Amino acid sequence: MTFSVPVTVRGYELDVNGHLNQAVYHQYAEHARWEVLRAAGLVPDKMRLAGVGPVVLESTVKHLRELHLGDEVTVTSEFEWGEGKVFRMRQQIIKLDGTISAEFGVVLGLMDLTARKLVSNPIERFLELAESREALGL
């Protein structure tokens with residue numbers, strides 16, 4: 001399942017060239033990741049009380065088109081589940097006309113906040129806590 005969240009580029013997010021600062025692309029992707037977790041019922045307080053939290057292990061971005069003040073975009077997120085301690089997410093920032101502005105590849109894990117190590121089976125742990133498997137693509 002592909003989850004999406006709308007974002008509008010704000011003036012304070014621009015760099016000296018008048019386009020969206022490169023670091024803000026990562027913030028948009030982070031915002032969308034939290035929104036998909038929230039849609040699954042995995043709010044930060046709930047996860048913290050359960051002793052776990054998501055962590056980004058790697059994030060790569062490919063910038064394809066500039067974004068400017070007032071541009072309205074959709075940030076998509078799609079989980080890619082596998083075996084083991086890590087999982088992946090593919091994300092895109094897409095303009096309203098369908099132009100892809102950026103593509104992300106993200107490697108994540110679910111950290112045991114007491115042991116400070118990744119849990120061995122994040123799917124199992126997410127399913128124990130989630131209210132919606134569909135939002136997680138499971």
# chains A, B, ... in the order shown; residues from 1 in each chain; ligands from 1
>>> residues_around(residues="Asp112 in chain A", least_positions_apart="6", cutoff="10 Å", atoms="only C-alpha atoms", output="ChimeraX atom specification")
/A:48,50-54,118-120
>>> residues_around(residues="Leu127 in chain A", least_positions_apart="4", cutoff="10 Å", atoms="only C-alpha atoms", output="ChimeraX atom specification")
/A:40,42,122-123,131-133,136,138
>>> residues_around(residues="Thr8 in chain A", least_positions_apart="4", cutoff="8 Å", atoms="only C-alpha atoms", output="JSON, numbers by chain")
{"A": [70, 71, 72, 73]}
>>> write_last_selection(atoms="C-alpha atoms", output="PDB file, in the first residue's frame")
ATOM      1  CA  GLY A  70       3.957  27.613  -2.714  1.00  0.00           C
ATOM      2  CA  ASP A  71       4.487  24.364  -4.601  1.00  0.00           C
ATOM      3  CA  GLU A  72       2.028  21.756  -3.419  1.00  0.00           C
ATOM      4  CA  VAL A  73       3.361  18.237  -3.287  1.00  0.00           C
TER       5      VAL A  73
END
>>> select_by_dssp(residues="range 3-127 of chain A", states="alpha helix (DSSP H)", output="PyMOL selection string")
chain A and resi 22-39+44-49+122-127
>>> residues_around(residues="Lys62 in chain A", least_positions_apart="3", cutoff="8 Å", atoms="only C-alpha atoms", output="tab-separated table (two decimals) with C-alpha atoms, in the first residue's frame")
chain	number	residue	atom	x	y	z
A	102	ALA	CA	12.70	13.54	-5.33
A	103	GLU	CA	13.01	9.81	-4.65
A	104	PHE	CA	14.16	8.30	-1.35
>>> residues_around(residues="Ala130 in chain A", least_positions_apart="4", cutoff="10 Å", atoms="only C-alpha atoms", output="ChimeraX atom specification")
/A:37-43,46-47,125-126,134-136
